[in-house]
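The structure under discussion appears below in the form of structure tokens.
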Amino acid sequence: MDILEMIANDVVEGEMDEIADHVQEALDGGMEPKKVLDEGMLKGMNTVGDLFKEGEMFVPEVLMSAKTMDEGMEILKPLLKEGDVTKAGVVVMATVKGDLHDIGKKLVCMMLEGAGFEIHDLGVDVTPEEIRDAVKEKNPDIVGMSAMLTTTMLSMQDTVALLKQDATTQNVKIMIGGAPANPDVATEMGANYSADASAAVDLAVSLVS
Ligand code: B1M
């Protein structure tokens with residue numbers, strides 16, 4: 001197994017204690033940081049996405065892979081030149097007002113980050129006004145909203161309505177997800193739906209392309 005395969009494998013297997021040494025070994029051997037990122041870490045993360053989609057990896061393992069990715073990024077970040085990392089797009093993400101569930105949303109954020117998106121995670125229990133203000137400030141390509149309670153779906157609807165009211169926010173792409181969401185509800189409120197974290201990546205990529 002060459003060093004890039006080892007790094008990709010570290011991400012897939014969640015080898016948090018190994019990846020830093022392997023990334024350093026690749027750099028010490030003269031490899032470009034971008035190559036380590038693209039052909040090692042991101043390749044591993046893509047495999048994670050595929051395995052998750054196929055039901056061969058589960059949430060705790062994906063979280064371990066995301067943490068392993070973070071460990072490797074700590075070493076690479078200062079070395080990557082501006083422009084080395086192709087930004088897929090900017091996403092403002094929130095769990096909507098009244099809702100404290102954030103495990104699924106964090107997973108979606110991590111997978112989007114792994115796919116090259118810049119994420120501004122506003123946290124949980126975020127009001128429509130706070131989301132609108134963040135859209136004005138960050139000018140994202142996409143707003144992502146997560147809800148796990150049937151009751152908080154209404155807050156999603158309010159947020160979409162508020163974003164559509166304002167000329168500076170009405171054109172932002174909107175994606176929603178979480179247990180009570182579905183494609184019909186999304187279409188009705190003028191948003192896009194994805195069922196899980198890997199579908200969210202596919203959707204986000206299609207919305208910005
Ligand atoms: Co709550 N809870 N909870 N809970 N909780 C549910 C959601 C519930 C279904 C349990 C049940 O009754 N069977 C139920 C909701 C019923 C309903 O409204 N239909 C419920 C309830 C009722 C409540 C309370 C009201 C309980 C109470 O206090 N009486 C309360 C509400 C608090 C509040 O939010 N105001 C409450 C509290 C909590 C905890 C705080 C204890 C904890 C949350 C901790 C946390 O998130 N930090 C919690 C948990 C853990 C759950 C369950 C058990 C698990 C949710 C989870 O994390 N799943 C849940 C029951 C269940 O789902 N089995 C339940 C794992 C996660 C990876 O999946 O979140 O679905 P999920 O995310 C997926 C997809 O949905 C999708 O991708 C993710 C990854 O694949 N996705 C998106 C999510 N967001 C997306 C956004 C996207 C795209 C995809 O684009 C933007």
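Ordering of the structure tokens sets the chain letters (A, B, ...), residue numbers begin anew at 1 in every chain, and ligands are numbered from 1 in the order given.
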
I need the residues in chain A that are strand (DSSP E or B) according to DSSP; give them as JSON, numbers by chain. {"A": [89, 90, 91, 92, 93, 94, 95, 96, 117, 118, 119, 120, 121, 126, 142, 143, 144, 145, 146, 173, 174, 175, 176, 177, 192, 193]}

Find the spatial neighbours of segment 127-143 of chain A, counting only C-alpha atoms, within a cut-off of 7 Å - ignore same-chain residues fewer than 2 positions away - and output them as a VMD selection string. chain A and resid 89 to 93 96 to 97 125 145 158 to 159 162 to 163 168 to 169 172 to 175 208

How would you report the residues lying within 6 Å of ligand 1, as a PyMOL selection string, if you count only C-alpha atoms and all ligand atoms? chain A and resi 59+98-105+107-108+144-146+148-150+175-179+194-197+200

Using N, CA, C and O atoms, can you write the selected residues to a file as a compact mmCIF listing (two decimals), in the first residue's frame?
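What ended up in part_22.txt:
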# COMPACT_ATOMS: atom_id res chain seq x y z
N VAL A 59 -23.55 5.87 11.27
CA VAL A 59 -23.26 7.20 11.80
C VAL A 59 -21.99 7.27 12.67
O VAL A 59 -21.13 8.11 12.43
N GLY A 98 -36.81 26.18 17.77
CA GLY A 98 -37.60 25.22 18.56
C GLY A 98 -37.03 23.82 18.57
O GLY A 98 -37.51 22.95 19.29
N ASP A 99 -36.00 23.59 17.75
CA ASP A 99 -35.46 22.24 17.58
C ASP A 99 -34.01 22.17 18.06
O ASP A 99 -33.20 23.00 17.67
N LEU A 100 -33.73 21.16 18.92
CA LEU A 100 -32.38 21.05 19.49
C LEU A 100 -31.59 19.87 18.92
O LEU A 100 -30.48 19.60 19.33
N HIS A 101 -32.20 19.15 17.99
CA HIS A 101 -31.52 17.97 17.43
C HIS A 101 -30.44 18.42 16.45
O HIS A 101 -30.74 19.15 15.50
N ASP A 102 -29.20 17.97 16.68
CA ASP A 102 -28.16 18.43 15.75
C ASP A 102 -27.20 17.35 15.30
O ASP A 102 -26.23 17.63 14.58
N ILE A 103 -27.44 16.10 15.68
CA ILE A 103 -26.49 15.05 15.30
C ILE A 103 -26.50 14.87 13.77
O ILE A 103 -25.45 14.86 13.12
N GLY A 104 -27.70 14.77 13.21
CA GLY A 104 -27.82 14.58 11.76
C GLY A 104 -27.30 15.80 11.00
O GLY A 104 -26.59 15.66 10.00
N LYS A 105 -27.63 16.99 11.51
CA LYS A 105 -27.17 18.21 10.84
C LYS A 105 -25.64 18.29 10.83
O LYS A 105 -25.04 18.66 9.82
N LEU A 107 -23.60 15.87 10.89
CA LEU A 107 -23.12 14.87 9.92
C LEU A 107 -23.20 15.43 8.50
O LEU A 107 -22.27 15.28 7.70
N VAL A 108 -24.32 16.08 8.21
CA VAL A 108 -24.48 16.69 6.89
C VAL A 108 -23.38 17.74 6.68
O VAL A 108 -22.74 17.78 5.62
N GLY A 144 -29.09 25.62 4.31
CA GLY A 144 -29.54 24.28 4.69
C GLY A 144 -30.25 24.34 6.03
O GLY A 144 -29.77 24.98 6.96
N MET A 145 -31.43 23.70 6.10
CA MET A 145 -32.17 23.68 7.36
C MET A 145 -32.52 22.26 7.74
O MET A 145 -32.96 21.47 6.90
N SER A 146 -32.32 21.97 9.03
CA SER A 146 -32.62 20.65 9.54
C SER A 146 -33.68 20.76 10.64
O SER A 146 -33.67 21.71 11.42
N MET A 148 -36.11 17.92 13.29
CA MET A 148 -36.44 16.53 13.64
C MET A 148 -37.82 16.40 14.27
O MET A 148 -38.30 15.30 14.49
N LEU A 149 -38.44 17.52 14.56
CA LEU A 149 -39.77 17.49 15.18
C LEU A 149 -40.80 17.93 14.15
O LEU A 149 -40.55 18.86 13.37
N THR A 150 -41.94 17.27 14.18
CA THR A 150 -43.02 17.65 13.26
C THR A 150 -43.37 19.12 13.44
O THR A 150 -43.57 19.84 12.46
N MET A 175 -32.08 24.11 0.92
CA MET A 175 -32.27 22.67 1.08
C MET A 175 -32.69 22.33 2.50
O MET A 175 -32.25 22.97 3.44
N ILE A 176 -33.60 21.37 2.61
CA ILE A 176 -34.09 20.98 3.93
C ILE A 176 -33.91 19.47 4.11
O ILE A 176 -33.79 18.72 3.15
N GLY A 177 -33.90 19.06 5.38
CA GLY A 177 -33.80 17.64 5.68
C GLY A 177 -34.15 17.38 7.12
O GLY A 177 -34.39 18.30 7.90
N GLY A 178 -34.18 16.10 7.49
CA GLY A 178 -34.56 15.70 8.83
C GLY A 178 -35.78 14.79 8.75
O GLY A 178 -36.47 14.78 7.73
N ALA A 179 -36.03 14.06 9.83
CA ALA A 179 -37.05 12.99 9.79
C ALA A 179 -38.42 13.42 9.27
O ALA A 179 -39.03 12.70 8.47
N SER A 194 -33.27 16.40 0.65
CA SER A 194 -32.43 15.20 0.56
C SER A 194 -32.60 14.39 1.84
O SER A 194 -32.81 14.94 2.92
N ALA A 195 -32.50 13.08 1.70
CA ALA A 195 -32.88 12.19 2.80
C ALA A 195 -31.77 11.95 3.81
O ALA A 195 -32.04 11.70 4.98
N ASP A 196 -30.52 12.01 3.35
CA ASP A 196 -29.43 11.74 4.30
C ASP A 196 -28.19 12.54 3.91
O ASP A 196 -28.21 13.31 2.93
N ALA A 197 -27.11 12.32 4.66
CA ALA A 197 -25.94 13.19 4.48
C ALA A 197 -25.30 13.02 3.10
O ALA A 197 -24.88 14.01 2.49
N ALA A 200 -27.42 14.67 0.62
CA ALA A 200 -27.30 16.12 0.78
C ALA A 200 -26.10 16.65 -0.01
O ALA A 200 -26.18 17.73 -0.61

Among segment 97-139 of chain A, which residues carry a DSSP assignment of helix (DSSP H, G or I), reported as a PyMOL selection string? chain A and resi 103-114+128-138

Test item: residues at most 7 Å from Ser65 of chain A, only C-alpha atoms, excluding those fewer than 6 positions along its chain, as a PDB file with all heavy atoms, in the first residue's frame:
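Okay, this is what ended up in around-v9.pdb:
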ATOM      1  N   VAL A  11      -8.672   7.544   6.754  1.00  0.00           N
ATOM      2  CA  VAL A  11      -9.950   8.271   6.810  1.00  0.00           C
ATOM      3  C   VAL A  11     -11.106   7.274   6.850  1.00  0.00           C
ATOM      4  O   VAL A  11     -12.010   7.376   7.685  1.00  0.00           O
ATOM      5  CB  VAL A  11     -10.092   9.242   5.614  1.00  0.00           C
ATOM      6  CG1 VAL A  11     -11.480   9.872   5.587  1.00  0.00           C
ATOM      7  CG2 VAL A  11      -9.023  10.335   5.678  1.00  0.00           C
ATOM      8  N   VAL A  12     -11.054   6.269   5.981  1.00  0.00           N
ATOM      9  CA  VAL A  12     -12.151   5.295   5.917  1.00  0.00           C
ATOM     10  C   VAL A  12     -12.274   4.530   7.242  1.00  0.00           C
ATOM     11  O   VAL A  12     -13.374   4.340   7.767  1.00  0.00           O
ATOM     12  CB  VAL A  12     -11.938   4.306   4.742  1.00  0.00           C
ATOM     13  CG1 VAL A  12     -13.036   3.238   4.730  1.00  0.00           C
ATOM     14  CG2 VAL A  12     -11.910   5.044   3.414  1.00  0.00           C
ATOM     15  N   GLU A  13     -11.117   4.143   7.782  1.00  0.00           N
ATOM     16  CA  GLU A  13     -11.130   3.311   8.996  1.00  0.00           C
ATOM     17  C   GLU A  13     -11.215   4.138  10.285  1.00  0.00           C
ATOM     18  O   GLU A  13     -11.297   3.582  11.377  1.00  0.00           O
ATOM     19  CB  GLU A  13      -9.859   2.443   9.051  1.00  0.00           C
ATOM     20  CG  GLU A  13      -9.716   1.465   7.886  1.00  0.00           C
ATOM     21  CD  GLU A  13     -10.789   0.373   7.903  1.00  0.00           C
ATOM     22  OE1 GLU A  13     -11.261   0.016   8.993  1.00  0.00           O
ATOM     23  OE2 GLU A  13     -11.175  -0.085   6.813  1.00  0.00           O
ATOM     24  N   GLY A  14     -11.160   5.469  10.154  1.00  0.00           N
ATOM     25  CA  GLY A  14     -11.200   6.329  11.346  1.00  0.00           C
ATOM     26  C   GLY A  14      -9.967   6.194  12.218  1.00  0.00           C
ATOM     27  O   GLY A  14     -10.052   6.227  13.449  1.00  0.00           O
TER      28      GLY A  14
END
